[in-house]
$ cat query-v6.cif   # mmCIF, C-alpha atoms
data_target
#
loop_
_atom_site.group_PDB
_atom_site.id
_atom_site.type_symbol
_atom_site.label_atom_id
_atom_site.label_comp_id
_atom_site.auth_asym_id
_atom_site.auth_seq_id
_atom_site.Cartn_x
_atom_site.Cartn_y
_atom_site.Cartn_z
ATOM 1 C CA MET A 1216 3.027 -26.292 -0.397
ATOM 2 C CA PRO A 1217 1.935 -22.728 -1.302
ATOM 3 C CA GLU A 1218 4.499 -20.004 -1.907
ATOM 4 C CA CYS A 1219 4.550 -17.384 0.820
ATOM 5 C CA TRP A 1220 6.844 -14.405 1.386
ATOM 6 C CA GLU A 1221 6.980 -10.917 2.873
ATOM 7 C CA TYR A 1222 9.163 -7.831 2.405
ATOM 8 C CA THR A 1223 9.183 -4.650 4.488
ATOM 9 C CA LEU A 1224 10.806 -1.423 3.359
ATOM 10 C CA HIS A 1225 11.230 1.264 6.030
ATOM 11 C CA ILE A 1226 10.976 4.657 4.391
ATOM 12 C CA PRO A 1227 11.805 8.217 5.436
ATOM 13 C CA HIS A 1228 9.263 10.991 5.652
ATOM 14 C CA ASP A 1229 10.154 12.142 2.130
ATOM 15 C CA PRO A 1230 7.965 12.318 -1.011
ATOM 16 C CA ARG A 1231 10.779 10.669 -3.029
ATOM 17 C CA ALA A 1232 10.086 7.491 -1.062
ATOM 18 C CA VAL A 1233 7.015 6.900 -3.236
ATOM 19 C CA THR A 1234 9.202 6.342 -6.314
ATOM 20 C CA VAL A 1235 11.598 4.113 -4.366
ATOM 21 C CA CYS A 1236 8.663 2.008 -3.154
ATOM 22 C CA ARG A 1237 7.129 1.649 -6.633
ATOM 23 C CA ARG A 1238 10.424 0.555 -8.160
ATOM 24 C CA THR A 1239 11.174 -1.832 -5.288
ATOM 25 C CA LEU A 1240 7.715 -3.379 -5.621
ATOM 26 C CA ARG A 1241 8.164 -3.909 -9.384
ATOM 27 C CA LEU A 1242 11.522 -5.601 -8.809
ATOM 28 C CA ILE A 1243 10.065 -7.904 -6.146
ATOM 29 C CA LEU A 1244 7.131 -8.853 -8.383
ATOM 30 C CA THR A 1245 9.476 -9.485 -11.319
ATOM 31 C CA LEU A 1246 11.717 -11.744 -9.239
ATOM 32 C CA HIS A 1247 8.669 -13.699 -8.017
ATOM 33 C CA ARG A 1248 7.197 -13.972 -11.542
ATOM 34 C CA LEU A 1249 4.170 -11.820 -10.764
ATOM 35 C CA THR A 1250 4.765 -9.153 -13.417
ATOM 36 C CA HIS A 1251 1.123 -9.404 -14.546
ATOM 37 C CA LEU A 1252 0.224 -7.607 -11.285
ATOM 38 C CA ALA A 1253 2.924 -4.940 -11.503
ATOM 39 C CA ASP A 1254 1.057 -2.035 -13.138
ATOM 40 C CA THR A 1255 -1.956 -2.187 -10.821
ATOM 41 C CA ALA A 1256 0.235 -2.943 -7.799
ATOM 42 C CA GLU A 1257 2.419 0.102 -8.570
ATOM 43 C CA LEU A 1258 -0.629 2.369 -8.757
ATOM 44 C CA LEU A 1259 -1.918 1.029 -5.434
ATOM 45 C CA THR A 1260 1.510 1.347 -3.819
ATOM 46 C CA SER A 1261 1.780 4.958 -4.993
ATOM 47 C CA GLU A 1262 -1.549 5.849 -3.424
ATOM 48 C CA LEU A 1263 -0.929 4.068 -0.110
ATOM 49 C CA VAL A 1264 2.649 5.302 0.346
ATOM 50 C CA SER A 1265 1.771 8.843 -0.770
ATOM 51 C CA ASN A 1266 -0.867 9.028 1.952
ATOM 52 C CA ALA A 1267 1.547 7.651 4.548
ATOM 53 C CA VAL A 1268 4.299 10.123 3.624
ATOM 54 C CA LEU A 1269 2.376 13.246 2.671
ATOM 55 C CA HIS A 1270 -0.431 13.246 5.240
ATOM 56 C CA THR A 1271 1.376 12.063 8.378
ATOM 57 C CA LYS A 1272 4.525 12.917 10.290
ATOM 58 C CA GLY A 1273 7.165 10.460 11.338
ATOM 59 C CA PRO A 1274 8.306 7.072 10.124
ATOM 60 C CA ALA A 1275 6.546 4.933 7.534
ATOM 61 C CA ALA A 1276 6.985 1.505 5.961
ATOM 62 C CA LEU A 1277 5.834 -0.445 2.911
ATOM 63 C CA ARG A 1278 4.898 -4.088 3.434
ATOM 64 C CA ILE A 1279 4.516 -6.451 0.484
ATOM 65 C CA ARG A 1280 3.188 -9.897 1.345
ATOM 66 C CA TYR A 1281 2.211 -12.878 -0.812
ATOM 67 C CA ARG A 1282 0.285 -15.859 0.493
ATOM 68 C CA ASP A 1283 -2.154 -18.368 -1.007
ATOM 69 C CA GLY A 1284 -2.269 -16.605 -4.380
ATOM 70 C CA VAL A 1285 -2.984 -13.152 -2.916
ATOM 71 C CA LEU A 1286 -0.656 -10.147 -3.038
ATOM 72 C CA GLN A 1287 -1.150 -7.780 -0.102
ATOM 73 C CA ILE A 1288 0.347 -4.285 -0.232
ATOM 74 C CA GLY A 1289 0.333 -2.244 2.952
ATOM 75 C CA ALA A 1290 1.594 1.161 4.025
ATOM 76 C CA TRP A 1291 2.231 1.709 7.727
ATOM 77 C CA ASP A 1292 2.459 5.172 9.256
ATOM 78 C CA ALA A 1293 2.755 6.517 12.796
ATOM 79 C CA ASP A 1294 -0.650 8.244 12.782
ATOM 80 C CA PRO A 1295 -3.202 6.031 14.586
ATOM 81 C CA GLN A 1296 -6.188 7.895 13.075
ATOM 82 C CA PRO A 1297 -8.149 5.838 10.523
ATOM 83 C CA PRO A 1298 -8.063 6.940 6.900
ATOM 84 C CA GLU A 1299 -10.974 8.905 5.488
ATOM 85 C CA PRO A 1300 -13.425 6.508 3.845
ATOM 86 C CA PRO A 1301 -13.270 6.724 0.056
ATOM 87 C CA GLY A 1302 -16.082 8.303 -1.895
ATOM 88 C CA LYS A 1303 -17.423 6.901 -5.128
ATOM 89 C CA PHE A 1304 -14.830 7.433 -7.827
ATOM 90 C CA GLY A 1305 -17.294 8.934 -10.321
ATOM 91 C CA GLU A 1306 -18.271 11.612 -7.803
ATOM 92 C CA LEU A 1307 -14.666 12.706 -7.200
ATOM 93 C CA THR A 1308 -13.680 14.005 -10.640
ATOM 94 C CA ASP A 1309 -13.490 17.629 -9.459
ATOM 95 C CA ALA A 1310 -12.510 16.892 -5.843
ATOM 96 C CA GLU A 1311 -9.127 18.062 -4.561
ATOM 97 C CA ASN A 1312 -8.872 15.191 -2.048
ATOM 98 C CA GLY A 1313 -10.144 11.647 -1.733
ATOM 99 C CA ARG A 1314 -9.317 10.275 -5.168
ATOM 100 C CA GLY A 1315 -6.456 8.110 -3.886
ATOM 101 C CA PHE A 1316 -8.542 5.799 -1.732
ATOM 102 C CA ALA A 1317 -11.268 5.780 -4.384
ATOM 103 C CA LEU A 1318 -8.614 4.453 -6.798
ATOM 104 C CA VAL A 1319 -7.573 1.849 -4.244
ATOM 105 C CA ARG A 1320 -11.179 0.762 -3.778
ATOM 106 C CA ALA A 1321 -11.751 0.632 -7.550
ATOM 107 C CA CYS A 1322 -8.551 -1.300 -8.422
ATOM 108 C CA ALA A 1323 -8.019 -3.638 -5.449
ATOM 109 C CA ASP A 1324 -9.927 -6.826 -4.788
ATOM 110 C CA LEU A 1325 -10.104 -5.931 -1.091
ATOM 111 C CA TRP A 1326 -8.777 -3.121 1.108
ATOM 112 C CA GLY A 1327 -8.874 -2.085 4.732
ATOM 113 C CA TRP A 1328 -6.888 -0.725 7.624
ATOM 114 C CA GLN A 1329 -5.943 -1.815 11.121
ATOM 115 C CA PRO A 1330 -4.195 -0.297 14.131
ATOM 116 C CA LEU A 1331 -0.593 -1.496 14.218
ATOM 117 C CA SER A 1332 2.384 -0.519 16.387
ATOM 118 C CA ARG A 1333 5.808 -0.612 14.817
ATOM 119 C CA MET A 1334 9.286 0.641 15.780
ATOM 120 C CA GLY A 1335 7.903 1.799 19.146
ATOM 121 C CA HIS A 1336 5.243 3.993 17.510
ATOM 122 C CA ARG A 1337 1.484 3.564 17.576
ATOM 123 C CA GLY A 1338 0.084 3.775 14.075
ATOM 124 C CA LYS A 1339 -1.964 2.066 11.405
ATOM 125 C CA LEU A 1340 -1.525 -0.193 8.414
ATOM 126 C CA VAL A 1341 -3.632 0.624 5.355
ATOM 127 C CA TRP A 1342 -3.613 -2.362 3.016
ATOM 128 C CA CYS A 1343 -5.088 -3.732 -0.164
ATOM 129 C CA GLU A 1344 -5.089 -7.093 -1.896
ATOM 130 C CA LEU A 1345 -4.823 -8.334 -5.467
ATOM 131 C CA ASN A 1346 -5.604 -11.905 -6.456
ATOM 132 C CA ALA A 1347 -2.716 -13.306 -8.464
ATOM 133 C CA ALA A 1348 -4.850 -15.669 -10.569
#

$ encode --input "query-v6.cif" --output "C-alpha coordinates"
Amino acid sequence: MPECWEYTLHIPHDPRAVTVCRRTLRLILTLHRLTHLADTAELLTSELVSNAVLHTKGPAALRIRYRDGVLQIGAWDADPQPPEPPGKFGELTDAENGRGFALVRACADLWGWQPLSRMGHRGKLVWCELNAA
(Lines of atoms letter the chains of each structure in order from A and count residues from 1; the text may use other names and numbers.)
(Lines give C-alpha, C1' and ligand atoms only; values in the text may rest on other atoms or scores of the structure.)
Protein backbone atom coordinates (compact mmCIF):
# COMPACT_ATOMS: atom_id res chain seq x y z
CA MET A 1 0.00 0.00 0.00
CA PRO A 2 1.58 3.34 -1.03
CA GLU A 3 2.23 6.05 1.54
CA CYS A 4 -0.04 9.05 1.15
CA TRP A 5 -0.46 12.17 3.27
CA GLU A 6 -1.40 15.84 3.12
CA TYR A 7 -0.78 18.92 5.28
CA THR A 8 -2.33 22.37 4.94
CA LEU A 9 -0.96 25.46 6.64
CA HIS A 10 -3.23 28.53 6.62
CA ILE A 11 -1.07 31.62 6.53
CA PRO A 12 -1.66 35.33 7.13
CA HIS A 13 -1.10 38.00 4.52
CA ASP A 14 2.40 38.65 5.89
CA PRO A 15 5.80 38.27 4.17
CA ARG A 16 7.14 36.46 7.28
CA ALA A 17 4.82 33.58 6.38
CA VAL A 18 7.29 32.54 3.66
CA THR A 19 9.91 31.63 6.28
CA VAL A 20 7.33 29.82 8.42
CA CYS A 21 6.23 27.79 5.38
CA ARG A 22 9.79 26.86 4.37
CA ARG A 23 10.66 25.69 7.87
CA THR A 24 7.39 23.79 8.25
CA LEU A 25 7.96 22.06 4.91
CA ARG A 26 11.49 21.00 5.91
CA LEU A 27 10.21 19.56 9.18
CA ILE A 28 7.45 17.62 7.41
CA LEU A 29 9.90 16.22 4.84
CA THR A 30 12.36 15.26 7.60
CA LEU A 31 9.66 13.43 9.56
CA HIS A 32 8.59 11.55 6.41
CA ARG A 33 12.21 10.70 5.47
CA LEU A 34 12.19 12.81 2.32
CA THR A 35 15.11 15.08 3.23
CA HIS A 36 16.68 14.51 -0.20
CA LEU A 37 13.89 16.73 -1.60
CA ALA A 38 14.14 19.45 1.05
CA ASP A 39 16.44 22.00 -0.63
CA THR A 40 14.57 22.06 -3.94
CA ALA A 41 11.19 21.86 -2.19
CA GLU A 42 12.11 24.84 0.02
CA LEU A 43 13.06 26.93 -3.01
CA LEU A 44 9.78 26.04 -4.74
CA THR A 45 7.77 26.74 -1.59
CA SER A 46 9.44 30.14 -1.23
CA GLU A 47 8.50 31.12 -4.76
CA LEU A 48 4.90 29.87 -4.59
CA VAL A 49 4.14 31.31 -1.14
CA SER A 50 5.90 34.61 -1.92
CA ASN A 51 3.63 35.08 -4.93
CA ALA A 52 0.54 34.21 -2.88
CA VAL A 53 1.44 36.63 -0.08
CA LEU A 54 3.12 39.49 -1.91
CA HIS A 55 0.99 39.75 -5.06
CA THR A 56 -2.51 39.13 -3.69
CA LYS A 57 -4.69 40.39 -0.87
CA GLY A 58 -6.45 38.23 1.64
CA PRO A 59 -5.94 34.75 3.02
CA ALA A 60 -3.49 32.17 1.69
CA ALA A 61 -2.53 28.57 2.42
CA LEU A 62 0.32 26.15 1.76
CA ARG A 63 -0.62 22.59 0.84
CA ILE A 64 1.96 19.80 0.93
CA ARG A 65 0.77 16.46 -0.43
CA TYR A 66 2.56 13.16 -1.03
CA ARG A 67 1.10 10.32 -3.06
CA ASP A 68 2.52 7.52 -5.20
CA GLY A 69 6.11 8.76 -4.87
CA VAL A 70 5.30 12.36 -5.86
CA LEU A 71 5.56 15.41 -3.60
CA GLN A 72 3.11 18.16 -4.56
CA ILE A 73 3.57 21.66 -3.13
CA GLY A 74 0.76 24.14 -3.65
CA ALA A 75 0.06 27.72 -2.62
CA TRP A 76 -3.57 28.84 -2.54
CA ASP A 77 -4.57 32.49 -2.60
CA ALA A 78 -7.87 34.36 -2.85
CA ASP A 79 -7.12 35.92 -6.25
CA PRO A 80 -8.87 33.89 -8.99
CA GLN A 81 -6.69 35.38 -11.76
CA PRO A 82 -4.23 32.89 -13.30
CA PRO A 83 -0.53 33.45 -12.71
CA GLU A 84 1.55 35.06 -15.43
CA PRO A 85 3.13 32.34 -17.57
CA PRO A 86 6.85 32.00 -16.88
CA GLY A 87 9.39 33.15 -19.41
CA LYS A 88 12.53 31.23 -20.25
CA PHE A 89 14.89 31.47 -17.31
CA GLY A 90 17.90 32.48 -19.42
CA GLU A 91 15.98 35.46 -20.80
CA LEU A 92 15.06 36.78 -17.34
CA THR A 93 18.49 37.59 -15.90
CA ASP A 94 17.86 41.36 -15.96
CA ALA A 95 14.07 41.21 -15.49
CA GLU A 96 12.53 42.69 -12.35
CA ASN A 97 9.59 40.24 -12.40
CA GLY A 98 8.92 36.73 -13.63
CA ARG A 99 11.96 34.90 -12.29
CA GLY A 100 9.98 33.07 -9.60
CA PHE A 101 7.81 31.02 -11.92
CA ALA A 102 10.78 30.49 -14.24
CA LEU A 103 12.57 28.94 -11.24
CA VAL A 104 9.53 26.79 -10.52
CA ARG A 105 9.41 25.63 -14.13
CA ALA A 106 13.16 24.92 -14.16
CA CYS A 107 13.27 23.02 -10.82
CA ALA A 108 9.93 21.17 -10.68
CA ASP A 109 9.06 18.04 -12.59
CA LEU A 110 5.61 19.46 -13.32
CA TRP A 111 3.70 22.62 -12.38
CA GLY A 112 0.32 24.17 -13.02
CA TRP A 113 -2.57 26.03 -11.49
CA GLN A 114 -6.29 25.51 -11.04
CA PRO A 115 -9.25 27.53 -9.77
CA LEU A 116 -10.02 26.51 -6.20
CA SER A 117 -12.40 27.92 -3.58
CA ARG A 118 -11.36 27.74 0.03
CA MET A 119 -12.59 29.27 3.31
CA GLY A 120 -15.52 30.85 1.43
CA HIS A 121 -13.21 32.67 -1.01
CA ARG A 122 -12.82 32.09 -4.73
CA GLY A 123 -9.17 31.73 -5.62
CA LYS A 124 -6.53 29.55 -7.22
CA LEU A 125 -4.01 26.90 -6.31
CA VAL A 126 -0.60 27.16 -7.98
CA TRP A 127 1.23 23.87 -7.56
CA CYS A 128 4.34 21.98 -8.53
CA GLU A 129 5.52 18.40 -8.22
CA LEU A 130 8.79 16.66 -7.41
CA ASN A 131 9.32 12.95 -7.97
CA ALA A 132 10.67 11.39 -4.79
CA ALA A 133 12.67 8.66 -6.55

$ resolve_selection --input "query-v6.cif" --expression "the PyMOL selection byres ((chain A and resi 1262) around 8)" --output "ChimeraX atom specification"
/A:1258-1261,1263-1266,1315-1316,1318-1319

$ residues_around --input "query-v6.cif" --residues "Leu1240 in chain A" --least-positions-apart "6" --cutoff "10 Å" --atoms "all atoms listed in the file" --output "PyMOL selection string"
chain A and resi 1222+1224+1234+1246+1253+1256-1257+1260+1277-1279+1288

$ residues_around --input "query-v6.cif" --residues "Thr1250 in chain A" --least-positions-apart "5" --cutoff "8 Å" --atoms "all atoms listed in the file" --output "list in words"
Arg1241, Leu1244 and Thr1245 of chain A

$ atom_distance --input "query-v6.cif" --atom1 "CA of Asp1283 in chain A" --atom2 "CA of Thr1223 in chain A"
18.6 Å

$ resolve_selection --input "query-v6.cif" --expression "the PyMOL selection byres ((chain A and resi 1345) around 12)" --output "PDB file with C-alpha atoms, in the coordinates of the input"
ATOM      1  CA  LEU A1249       4.170 -11.820 -10.764  1.00  0.00           C
ATOM      2  CA  HIS A1251       1.123  -9.404 -14.546  1.00  0.00           C
ATOM      3  CA  LEU A1252       0.224  -7.607 -11.285  1.00  0.00           C
ATOM      4  CA  ALA A1253       2.924  -4.940 -11.503  1.00  0.00           C
ATOM      5  CA  ASP A1254       1.057  -2.035 -13.138  1.00  0.00           C
ATOM      6  CA  THR A1255      -1.956  -2.187 -10.821  1.00  0.00           C
ATOM      7  CA  ALA A1256       0.235  -2.943  -7.799  1.00  0.00           C
ATOM      8  CA  GLU A1257       2.419   0.102  -8.570  1.00  0.00           C
ATOM      9  CA  LEU A1258      -0.629   2.369  -8.757  1.00  0.00           C
ATOM     10  CA  LEU A1259      -1.918   1.029  -5.434  1.00  0.00           C
ATOM     11  CA  THR A1260       1.510   1.347  -3.819  1.00  0.00           C
ATOM     12  CA  ILE A1279       4.516  -6.451   0.484  1.00  0.00           C
ATOM     13  CA  ARG A1280       3.188  -9.897   1.345  1.00  0.00           C
ATOM     14  CA  TYR A1281       2.211 -12.878  -0.812  1.00  0.00           C
ATOM     15  CA  ARG A1282       0.285 -15.859   0.493  1.00  0.00           C
ATOM     16  CA  ASP A1283      -2.154 -18.368  -1.007  1.00  0.00           C
ATOM     17  CA  GLY A1284      -2.269 -16.605  -4.380  1.00  0.00           C
ATOM     18  CA  VAL A1285      -2.984 -13.152  -2.916  1.00  0.00           C
ATOM     19  CA  LEU A1286      -0.656 -10.147  -3.038  1.00  0.00           C
ATOM     20  CA  GLN A1287      -1.150  -7.780  -0.102  1.00  0.00           C
ATOM     21  CA  ILE A1288       0.347  -4.285  -0.232  1.00  0.00           C
ATOM     22  CA  GLY A1289       0.333  -2.244   2.952  1.00  0.00           C
ATOM     23  CA  VAL A1319      -7.573   1.849  -4.244  1.00  0.00           C
ATOM     24  CA  ARG A1320     -11.179   0.762  -3.778  1.00  0.00           C
ATOM     25  CA  ALA A1321     -11.751   0.632  -7.550  1.00  0.00           C
ATOM     26  CA  CYS A1322      -8.551  -1.300  -8.422  1.00  0.00           C
ATOM     27  CA  ALA A1323      -8.019  -3.638  -5.449  1.00  0.00           C
ATOM     28  CA  ASP A1324      -9.927  -6.826  -4.788  1.00  0.00           C
ATOM     29  CA  LEU A1325     -10.104  -5.931  -1.091  1.00  0.00           C
ATOM     30  CA  TRP A1326      -8.777  -3.121   1.108  1.00  0.00           C
ATOM     31  CA  TRP A1342      -3.613  -2.362   3.016  1.00  0.00           C
ATOM     32  CA  CYS A1343      -5.088  -3.732  -0.164  1.00  0.00           C
ATOM     33  CA  GLU A1344      -5.089  -7.093  -1.896  1.00  0.00           C
ATOM     34  CA  ASN A1346      -5.604 -11.905  -6.456  1.00  0.00           C
ATOM     35  CA  ALA A1347      -2.716 -13.306  -8.464  1.00  0.00           C
ATOM     36  CA  ALA A1348      -4.850 -15.669 -10.569  1.00  0.00           C
TER      37      ALA A1348
END

$ resolve_selection --input "query-v6.cif" --expression "the PyMOL selection byres ((chain A and resi 1268) around 10)" --output "list of chain:residue names"
A:Ile1226, A:Pro1227, A:His1228, A:Asp1229, A:Pro1230, A:Arg1231, A:Ala1232, A:Val1233, A:Leu1263, A:Val1264, A:Ser1265, A:Asn1266, A:Ala1267, A:Leu1269, A:His1270, A:Thr1271, A:Lys1272, A:Gly1273, A:Pro1274, A:Ala1275, A:Ala1276, A:Ala1290, A:Trp1291, A:Asp1292, A:Ala1293

$ residues_near_point --input "query-v6.cif" --point "(-6.5, 0.1, 12.5)" --cutoff "9 Å" --atoms "all atoms listed in the file" --output "count of residues only"
13

$ closest_residue --input "query-v6.cif" --among "A:Glu1299, A:His1247, A:Leu1242, A:Ser1332" --to "Ala1317 in chain A" --atoms "only C-alpha atoms"
A:Glu1299

$ axis_aligned_box --input "query-v6.cif" --around "range 1233-1249 of chain A" --padding-each-side "6 Å" --output "lines of an AutoDock Vina configuration file"
center_x = 7.9
center_y = -3.5
center_z = -7.3
size_x = 19.5
size_y = 32.9
size_z = 20.4
